[in-house]
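Peer 1: Sharing a structure below in structure tokens format, with a few things to ask.
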Amino acid sequence: MTALAITKPETSILPQRGGFFGRLSDSLWRHPKLLLFLMLTPPLLWLGIIYIGSLIALLLQSFFSIDDFSGMVNYEFTLDTYAQLLNPSNFDIIIRTILMAALVTVASALVAFPIAYYAARYAQGKWKALFYLGVMMPLWSSYLVKIYAWKLILAKEGILTWFFERFHLSWLLDGVLALPIVGGNSLSVSYLGTFIVFVYIWLPYMILPTQAALERVPGNLIEASADLGATPRQTFRTVLFPLALPGIVAGSIFTFSLTLGDYIIPQIIGSSRLFIGQAVYTQQGTAGNVPLAAAFSVVPIAIMAVYLWLAKRMGAFDAL
Amino acid sequence: MTSAVRFQKVSRHFGAVRAVDGVDLEIVPGEFFAMLGPSGSGKTTCLRLIAGFEQPTSGHIEIFGETAEGVPPYRRNVNTVFQDYALFPHLDILDNVAYGLMVKGVGKTERIKEAEKALELVKLPGYGSRRPGQLSGGQRQRVALARALVNKPRVLLLDEPLGALDLKLREQMQEELKSLQRALGITFIFVTHDQGEALSMADRVAVFNNGGIVQHGTPQDIYRRPKTRFVADFVGSSNVIAPDVMTALGGEKRWASLRPEAIHIAADGIEARVENASFLGAATRLAVETRGSRLHVMLPAGSDVPDIGTAIRLSWQQGDVHYMDDAA
């Protein structure tokens, strides 16, 4: 064997790198907490003051009330504004929004799962790239453009109506539109239309976390389940679904909370009845009732808190 | 007697890759069978063909006389212990072990009783309420074993089950697996790339290379009479000697294998020079240079170990030289 040609170093400790940065590196290495402090302070200030601070300022407004005669905000602590939320007209808005958000979430989960499953378990190479492109591309285009496009698609003179006519299925579309509550004059002015556009707009937010969760399920767990005698259906129910649940819950947090807060989709597409987001918008804008707007905006936060608590209790985060 | 598993001209190709190519195989009921080979030799694919995770491209597979191709894994009375155990992370140990019974509709009280019995069998009584993440590698291995055995399979497949364990635990598990197999009388089929494991545990061994079986037989057979250079190289640490070196050493001009423990230091032998000596505990292995080739010599414990660089003389019985085919 030949000896390796290595020149032996003269010293065992190398000299400090020169200048200010050399000394800085050494002292930060000796005080790692200082480094952490320097790194975290700016973003925490941003998050704390600008983001959470303004949110708290908004929420404080909900404990004030508005003077009915002068229209001025009365800066005294009261729960009257919250009581107003229980007025039938306001309470209807809340129920309508929650129902819509829940249905949109369930539908998104049902549509997203097979797509996410395919992407996680089968797609490889360029097909995987195509999947990401297909899911993400709608997110890159303008939200308003997409919604107006949908308004045209769903309109009475739109391509969907034409499509149904073309295949002699007009009776089907008319039948659906004739349904009470969800139907209407055309899809673009019905709850069904609002629902379809919500599902379309928020779907990527459900697909991506579900896909990430499914990707983390080792393939051999699926094989082990089959090996132990479970049919594909049983494997789905007892292994795949429970392990994908954290991802589905993460996705549902997006779809549910985004639907709860959105005020543009129901304004452009759907019946003219209000959703929470629109209520906040009109109360703080045209109506000038900032306390009631603030109280309305507390509702989604409270609902999400309850939702997360329930999800945690159901064990949705156990597999994390 | 029907075979536990029978392969007739079984092939499994993945595109141009012939993972398994024309394998014939018969495994006797109740035996401990090892499939030994380097990675990519087709042994794991064979195991997956028996489990039903893969379907043969061509050929015929029988499990206890019944046709297996086209039958999904969940309809085979065959269970697998996976390489990395594949325990369900969201279920506790008891539910993991009882899983097979649960999906087959066995009542709760009965399956819990059976699962507890299985945990006792693998010496983990009382571990039922823990989660897989709370157990050590060796314990998880035992749970995986219990989870498979609770279904009373006709064939148990083990895919490199000891690969992730440390040496001491591995040796202990080897003995336990062997005595468990003897006690239960279930056919065990065991995939490994560790020749020591295969030789020490199996009743019969099949040596795989390039998607086919090169040689099968008892461990003694394969160790003493390797059919080809590949087997001699892969099984054990034999000296594989090229034909021209063999003539220089006074033998036939053919490929041969010579076990290191068959070579002795003797006053009237062939001259050699010690290049290296490794102390192995029960023996010392010398690497020596003789007539242009390098040999390994195993000296039993207690014998004098020559210094590195000294000249020694070596001899062996002609009967210990085993000639073999040149083929890989």
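As shown in the structure tokens, the chain order sets the letters A, B, ...; within each chain, residues go from 1, and ligands are also counted from 1 in the order they appear.
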List every residue of region 76-288 of chain B that DSSP, applied to the backbone of this structure, assigns to strand (DSSP E or B), and report them as a ChimeraX atom specification.
Peer 2: /B:78-81,155-159,187-192,204-209,212-217,228,239-241,256-258,264-279,283-288
Peer 1: Report as JSON lines: every residue of chain A with an atom at most 9 Å from chain B, its closest pair of atoms, and their distance in Å to one decimal, counting only C-alpha atoms, with rows sorted by chain and ascending residue number.
Peer 2:
{"residue": "A:Pro218", "atom": "CA", "partner": "B:Ala86", "partner_atom": "CA", "distance": 8.0}
{"residue": "A:Gly219", "atom": "CA", "partner": "B:Ala86", "partner_atom": "CA", "distance": 8.9}
{"residue": "A:Asn220", "atom": "CA", "partner": "B:Ala86", "partner_atom": "CA", "distance": 5.9}
{"residue": "A:Leu221", "atom": "CA", "partner": "B:Ala86", "partner_atom": "CA", "distance": 5.3}
{"residue": "A:Ile222", "atom": "CA", "partner": "B:Ala86", "partner_atom": "CA", "distance": 8.9}
{"residue": "A:Glu223", "atom": "CA", "partner": "B:Phe53", "partner_atom": "CA", "distance": 7.2}
{"residue": "A:Ala224", "atom": "CA", "partner": "B:Ala86", "partner_atom": "CA", "distance": 6.5}
{"residue": "A:Ser225", "atom": "CA", "partner": "B:Gly100", "partner_atom": "CA", "distance": 7.8}
{"residue": "A:Ala226", "atom": "CA", "partner": "B:Tyr74", "partner_atom": "CA", "distance": 4.8}
{"residue": "A:Asp227", "atom": "CA", "partner": "B:Pro73", "partner_atom": "CA", "distance": 5.3}
{"residue": "A:Leu228", "atom": "CA", "partner": "B:Gly100", "partner_atom": "CA", "distance": 4.6}
{"residue": "A:Gly229", "atom": "CA", "partner": "B:Tyr74", "partner_atom": "CA", "distance": 3.9}
{"residue": "A:Ala230", "atom": "CA", "partner": "B:Val103", "partner_atom": "CA", "distance": 5.4}
{"residue": "A:Thr231", "atom": "CA", "partner": "B:Tyr74", "partner_atom": "CA", "distance": 6.1}
{"residue": "A:Pro232", "atom": "CA", "partner": "B:Tyr74", "partner_atom": "CA", "distance": 8.7}
{"residue": "A:Gln234", "atom": "CA", "partner": "B:Val103", "partner_atom": "CA", "distance": 7.0}
{"residue": "A:Thr235", "atom": "CA", "partner": "B:Val103", "partner_atom": "CA", "distance": 8.8}
{"residue": "A:Val239", "atom": "CA", "partner": "B:Phe88", "partner_atom": "CA", "distance": 7.4}
{"residue": "A:Pro242", "atom": "CA", "partner": "B:His90", "partner_atom": "CA", "distance": 7.5}
{"residue": "A:Leu243", "atom": "CA", "partner": "B:His90", "partner_atom": "CA", "distance": 7.1}
{"residue": "A:Asp318", "atom": "CA", "partner": "B:His90", "partner_atom": "CA", "distance": 7.3}
{"residue": "A:Ala319", "atom": "CA", "partner": "B:His90", "partner_atom": "CA", "distance": 6.0}
Peer 1: Can I get the selection written as a PDB file, in the first residue's frame, with C-alpha atoms?
Peer 2:
ATOM      1  CA  PRO A 218     -45.621   3.931   3.336  1.00  0.00           C
ATOM      2  CA  GLY A 219     -46.680   1.634   0.520  1.00  0.00           C
ATOM      3  CA  ASN A 220     -45.881  -1.419   2.584  1.00  0.00           C
ATOM      4  CA  LEU A 221     -48.672  -0.548   5.066  1.00  0.00           C
ATOM      5  CA  ILE A 222     -51.149  -0.976   2.226  1.00  0.00           C
ATOM      6  CA  GLU A 223     -49.468  -4.249   1.298  1.00  0.00           C
ATOM      7  CA  ALA A 224     -49.391  -5.385   4.931  1.00  0.00           C
ATOM      8  CA  SER A 225     -53.103  -4.736   5.232  1.00  0.00           C
ATOM      9  CA  ALA A 226     -53.877  -6.797   2.115  1.00  0.00           C
ATOM     10  CA  ASP A 227     -51.462  -9.460   3.310  1.00  0.00           C
ATOM     11  CA  LEU A 228     -53.400  -9.753   6.575  1.00  0.00           C
ATOM     12  CA  GLY A 229     -56.599 -10.366   4.648  1.00  0.00           C
ATOM     13  CA  ALA A 230     -58.132  -6.915   4.261  1.00  0.00           C
ATOM     14  CA  THR A 231     -60.032  -6.225   1.038  1.00  0.00           C
ATOM     15  CA  PRO A 232     -59.203  -2.923  -0.689  1.00  0.00           C
ATOM     16  CA  GLN A 234     -61.271  -2.472   4.373  1.00  0.00           C
ATOM     17  CA  THR A 235     -57.748  -1.226   3.745  1.00  0.00           C
ATOM     18  CA  VAL A 239     -55.478   2.144   7.148  1.00  0.00           C
ATOM     19  CA  PRO A 242     -57.094   7.268   9.108  1.00  0.00           C
ATOM     20  CA  LEU A 243     -53.523   7.973   7.986  1.00  0.00           C
ATOM     21  CA  ASP A 318     -52.554  11.732  16.218  1.00  0.00           C
ATOM     22  CA  ALA A 319     -50.680  10.424  13.220  1.00  0.00           C
TER      23      ALA A 319
END
Peer 1: If you run DSSP over the backbone, which residues in region 62-197 of chain A end up helix (DSSP H, G or I)? Put them as JSON, numbers by chain.
Peer 2: {"A": [80, 81, 82, 83, 84, 85, 88, 89, 90, 91, 92, 93, 94, 95, 96, 97, 98, 99, 100, 101, 102, 103, 104, 105, 106, 107, 108, 109, 110, 111, 112, 113, 114, 115, 116, 117, 118, 119, 120, 121, 126, 127, 128, 129, 130, 131, 132, 133, 134, 135, 136, 137, 138, 139, 140, 143, 144, 145, 146, 147, 148, 149, 150, 151, 152, 153, 154, 159, 160, 161, 162, 163, 164, 165, 166, 170, 171, 172, 173, 174, 175, 176, 177, 187, 188, 189, 191, 192, 193, 194, 195, 196, 197]}
Peer 1: Create the file for the chosen residues now, containing C-alpha atoms and written as a PDB file, in the first residue's frame.
Peer 2:
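This is the output file selection_36.pdb:
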ATOM      1  CA  ASP A  80     -75.215  44.078  22.625  1.00  0.00           C
ATOM      2  CA  THR A  81     -73.497  43.811  19.272  1.00  0.00           C
ATOM      3  CA  TYR A  82     -73.083  40.072  19.748  1.00  0.00           C
ATOM      4  CA  ALA A  83     -76.762  39.836  20.700  1.00  0.00           C
ATOM      5  CA  GLN A  84     -77.549  41.442  17.351  1.00  0.00           C
ATOM      6  CA  LEU A  85     -75.919  38.504  15.611  1.00  0.00           C
ATOM      7  CA  PRO A  88     -83.105  36.206  12.576  1.00  0.00           C
ATOM      8  CA  SER A  89     -81.765  38.142   9.595  1.00  0.00           C
ATOM      9  CA  ASN A  90     -78.177  38.053  10.876  1.00  0.00           C
ATOM     10  CA  PHE A  91     -78.385  34.527  12.203  1.00  0.00           C
ATOM     11  CA  ASP A  92     -79.626  33.337   8.780  1.00  0.00           C
ATOM     12  CA  ILE A  93     -76.432  34.695   7.258  1.00  0.00           C
ATOM     13  CA  ILE A  94     -74.324  32.736   9.726  1.00  0.00           C
ATOM     14  CA  ILE A  95     -76.198  29.465   9.184  1.00  0.00           C
ATOM     15  CA  ARG A  96     -76.156  29.889   5.412  1.00  0.00           C
ATOM     16  CA  THR A  97     -72.398  30.484   5.439  1.00  0.00           C
ATOM     17  CA  ILE A  98     -71.590  27.568   7.730  1.00  0.00           C
ATOM     18  CA  LEU A  99     -73.735  25.201   5.670  1.00  0.00           C
ATOM     19  CA  MET A 100     -72.112  26.342   2.450  1.00  0.00           C
ATOM     20  CA  ALA A 101     -68.622  26.036   3.947  1.00  0.00           C
ATOM     21  CA  ALA A 102     -69.370  22.534   5.243  1.00  0.00           C
ATOM     22  CA  LEU A 103     -70.784  21.332   1.925  1.00  0.00           C
ATOM     23  CA  VAL A 104     -67.936  22.875  -0.045  1.00  0.00           C
ATOM     24  CA  THR A 105     -65.455  21.156   2.281  1.00  0.00           C
ATOM     25  CA  VAL A 106     -67.073  17.727   1.942  1.00  0.00           C
ATOM     26  CA  ALA A 107     -67.335  18.048  -1.829  1.00  0.00           C
ATOM     27  CA  SER A 108     -63.723  19.233  -2.115  1.00  0.00           C
ATOM     28  CA  ALA A 109     -62.533  16.287  -0.029  1.00  0.00           C
ATOM     29  CA  LEU A 110     -64.481  13.834  -2.208  1.00  0.00           C
ATOM     30  CA  VAL A 111     -63.151  15.313  -5.445  1.00  0.00           C
ATOM     31  CA  ALA A 112     -59.621  15.810  -4.130  1.00  0.00           C
ATOM     32  CA  PHE A 113     -59.027  12.346  -2.685  1.00  0.00           C
ATOM     33  CA  PRO A 114     -58.835  10.310  -5.910  1.00  0.00           C
ATOM     34  CA  ILE A 115     -56.666  12.970  -7.562  1.00  0.00           C
ATOM     35  CA  ALA A 116     -54.363  13.166  -4.543  1.00  0.00           C
ATOM     36  CA  TYR A 117     -54.252   9.380  -4.317  1.00  0.00           C
ATOM     37  CA  TYR A 118     -53.229   9.035  -7.932  1.00  0.00           C
ATOM     38  CA  ALA A 119     -50.576  11.729  -7.568  1.00  0.00           C
ATOM     39  CA  ALA A 120     -49.174  10.268  -4.367  1.00  0.00           C
ATOM     40  CA  ARG A 121     -49.125   6.598  -5.296  1.00  0.00           C
ATOM     41  CA  LYS A 126     -43.317  14.040 -15.868  1.00  0.00           C
ATOM     42  CA  TRP A 127     -46.797  12.917 -14.820  1.00  0.00           C
ATOM     43  CA  LYS A 128     -46.094  14.183 -11.319  1.00  0.00           C
ATOM     44  CA  ALA A 129     -44.868  17.495 -12.740  1.00  0.00           C
ATOM     45  CA  LEU A 130     -48.030  17.662 -14.828  1.00  0.00           C
ATOM     46  CA  PHE A 131     -50.104  17.009 -11.726  1.00  0.00           C
ATOM     47  CA  TYR A 132     -48.502  19.863  -9.807  1.00  0.00           C
ATOM     48  CA  LEU A 133     -48.856  22.124 -12.814  1.00  0.00           C
ATOM     49  CA  GLY A 134     -52.517  21.203 -13.234  1.00  0.00           C
ATOM     50  CA  VAL A 135     -53.309  21.779  -9.586  1.00  0.00           C
ATOM     51  CA  MET A 136     -51.287  24.957  -9.163  1.00  0.00           C
ATOM     52  CA  MET A 137     -51.946  26.686 -12.461  1.00  0.00           C
ATOM     53  CA  PRO A 138     -55.427  27.923 -11.518  1.00  0.00           C
ATOM     54  CA  LEU A 139     -53.831  29.539  -8.456  1.00  0.00           C
ATOM     55  CA  TRP A 140     -51.563  31.656 -10.647  1.00  0.00           C
ATOM     56  CA  TYR A 143     -59.156  35.190  -8.820  1.00  0.00           C
ATOM     57  CA  LEU A 144     -61.583  37.718 -10.311  1.00  0.00           C
ATOM     58  CA  VAL A 145     -60.954  36.582 -13.864  1.00  0.00           C
ATOM     59  CA  LYS A 146     -61.719  33.010 -12.862  1.00  0.00           C
ATOM     60  CA  ILE A 147     -64.933  33.968 -11.136  1.00  0.00           C
ATOM     61  CA  TYR A 148     -66.156  36.074 -14.051  1.00  0.00           C
ATOM     62  CA  ALA A 149     -65.257  33.239 -16.379  1.00  0.00           C
ATOM     63  CA  TRP A 150     -67.418  30.963 -14.269  1.00  0.00           C
ATOM     64  CA  LYS A 151     -70.252  33.491 -14.375  1.00  0.00           C
ATOM     65  CA  LEU A 152     -70.190  33.242 -18.162  1.00  0.00           C
ATOM     66  CA  ILE A 153     -69.950  29.456 -18.089  1.00  0.00           C
ATOM     67  CA  LEU A 154     -72.896  29.147 -15.729  1.00  0.00           C
ATOM     68  CA  ILE A 159     -71.600  27.178 -22.571  1.00  0.00           C
ATOM     69  CA  LEU A 160     -72.988  24.801 -19.955  1.00  0.00           C
ATOM     70  CA  THR A 161     -76.573  25.397 -21.042  1.00  0.00           C
ATOM     71  CA  TRP A 162     -75.484  24.990 -24.664  1.00  0.00           C
ATOM     72  CA  PHE A 163     -73.707  21.766 -23.744  1.00  0.00           C
ATOM     73  CA  PHE A 164     -76.781  20.324 -22.044  1.00  0.00           C
ATOM     74  CA  GLU A 165     -78.955  21.285 -25.024  1.00  0.00           C
ATOM     75  CA  ARG A 166     -76.512  19.814 -27.478  1.00  0.00           C
ATOM     76  CA  SER A 170     -81.822  20.237 -21.007  1.00  0.00           C
ATOM     77  CA  TRP A 171     -84.466  18.428 -18.971  1.00  0.00           C
ATOM     78  CA  LEU A 172     -81.737  17.468 -16.494  1.00  0.00           C
ATOM     79  CA  LEU A 173     -80.454  21.026 -16.056  1.00  0.00           C
ATOM     80  CA  ASP A 174     -84.011  22.380 -15.826  1.00  0.00           C
ATOM     81  CA  GLY A 175     -84.858  19.711 -13.287  1.00  0.00           C
ATOM     82  CA  VAL A 176     -81.884  20.659 -11.110  1.00  0.00           C
ATOM     83  CA  LEU A 177     -82.685  24.373 -11.407  1.00  0.00           C
ATOM     84  CA  LEU A 187     -76.876  28.305 -12.390  1.00  0.00           C
ATOM     85  CA  SER A 188     -75.134  31.666 -12.170  1.00  0.00           C
ATOM     86  CA  VAL A 189     -77.804  33.038  -9.867  1.00  0.00           C
ATOM     87  CA  TYR A 191     -76.748  28.532  -4.567  1.00  0.00           C
ATOM     88  CA  LEU A 192     -75.689  25.578  -6.689  1.00  0.00           C
ATOM     89  CA  GLY A 193     -73.625  27.925  -8.844  1.00  0.00           C
ATOM     90  CA  THR A 194     -72.011  29.504  -5.782  1.00  0.00           C
ATOM     91  CA  PHE A 195     -71.222  26.026  -4.511  1.00  0.00           C
ATOM     92  CA  ILE A 196     -69.657  24.880  -7.802  1.00  0.00           C
ATOM     93  CA  VAL A 197     -67.412  27.939  -8.001  1.00  0.00           C
TER      94      VAL A 197
END
Peer 1: List the spatial neighbours of His264 (chain B) as a PyMOL selection string - criterion: any atom at most 9 Å away, only C-alpha atoms, same-chain residues fewer than 4 positions off excluded.
Peer 2: chain B and resi 260+269+297-299+313-316
Peer 1: Those residues you just picked out, can you put them in a file as a short mmCIF file (atom, residue, chain, number, x, y, z; two decimals), in the first residue's frame with C-alpha atoms?
Peer 2:
data_model
loop_
_atom_site.label_atom_id
_atom_site.label_comp_id
_atom_site.auth_asym_id
_atom_site.auth_seq_id
_atom_site.Cartn_x
_atom_site.Cartn_y
_atom_site.Cartn_z
CA PRO B 260 -9.87 -21.06 4.68
CA GLY B 269 3.91 -27.23 2.63
CA VAL B 297 -6.24 -19.03 6.00
CA MET B 298 -8.27 -19.55 9.15
CA LEU B 299 -6.21 -20.45 12.22
CA ARG B 313 4.48 -22.98 4.68
CA LEU B 314 0.92 -24.11 4.01
CA SER B 315 -0.67 -27.45 3.19
CA TRP B 316 -4.13 -28.88 2.61
#
Peer 1: Compile the contact shell of Phe254 (chain A) as a ChimeraX atom specification: residues with an atom at most 8 Å away, counting only C-alpha atoms, same-chain residues fewer than 5 positions apart removed.
Peer 2: /A:202,205-206
Peer 1: Write out the residues from the selection above, keeping N, CA and C atoms, as a compact mmCIF listing (two decimals), in the first residue's frame.
Peer 2:
# COMPACT_ATOMS: atom_id res chain seq x y z
N TRP A 202 -61.36 26.55 -4.35
CA TRP A 202 -60.59 26.08 -3.18
C TRP A 202 -60.02 24.68 -3.33
N TYR A 205 -56.37 23.74 -2.53
CA TYR A 205 -56.00 23.78 -1.12
C TYR A 205 -56.36 22.48 -0.40
N MET A 206 -57.26 21.70 -0.99
CA MET A 206 -57.59 20.39 -0.43
C MET A 206 -56.69 19.32 -1.03
Peer 1: Excluding Ala293 (chain A) and any residue of its chain fewer than 2 positions from it, enumerate the residues within 7 Å of it, using only C-alpha atoms, and give them as a list in words.
Peer 2: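 Within the cut-off, the hits are Val280, Gln283, Gln284, Asn289, Val290, Pro291, Ala295, Phe296 and Ser297 of chain A.
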Peer 1: In Å, with one decimal, what is the gap from CA of Gly40 (chain B) to CA of Ile189 (chain B)?
Peer 2: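 Here the two named atoms are 17.9 Å from each other.
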Peer 1: Give me the residues within 7 Å of Ala4 (chain B) as number ranges by chain, counting only C-alpha atoms and dropping any in the same chain fewer than 6 places off.
Peer 2: B: 27-29, 63-64
Peer 1: Could you write out the selected residues, including C-alpha atoms, as a short mmCIF file (atom, residue, chain, number, x, y, z; two decimals), in the first residue's frame?
Peer 2:
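The resulting file, out26.cif, is reproduced below:
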data_model
loop_
_atom_site.label_atom_id
_atom_site.label_comp_id
_atom_site.auth_asym_id
_atom_site.auth_seq_id
_atom_site.Cartn_x
_atom_site.Cartn_y
_atom_site.Cartn_z
CA ILE B 27 -40.74 -25.97 -1.04
CA VAL B 28 -41.63 -28.85 1.26
CA PRO B 29 -44.39 -28.33 3.87
CA ILE B 63 -49.56 -22.91 -2.90
CA PHE B 64 -50.39 -26.25 -1.31
#
Peer 1: If you count only C-alpha atoms, which residues fall within 12 Å of Leu280 (chain B), apart from same-chain ones fewer than 4 positions away, as a PyMOL selection string?
Peer 2: chain B and resi 284-286+298-301
Peer 1: Could you check how far CA of Asp320 (chain B) sits from CA of Gly236 (chain B), in Å to one decimal?
Peer 2: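 Spanning CA of Asp320 (chain B) to CA of Gly236 (chain B) is a straight-line distance of 14.9 Å.
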Peer 1: Could you state the separation of CA of Ile207 (chain A) and CA of Arg233 (chain A) in Å, given to one decimal place?
Peer 2: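 That distance, rounded to one decimal, is 21.2 Å.
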Peer 1: Name the closest residue to Arg131 (chain B) among the candidates B:Met35, B:Leu94, B:Ile112, B:Leu149; distances are taken between atoms, counting only C-alpha atoms.
Peer 2: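 The closest residue to Arg131 (chain B) is B:Leu94.
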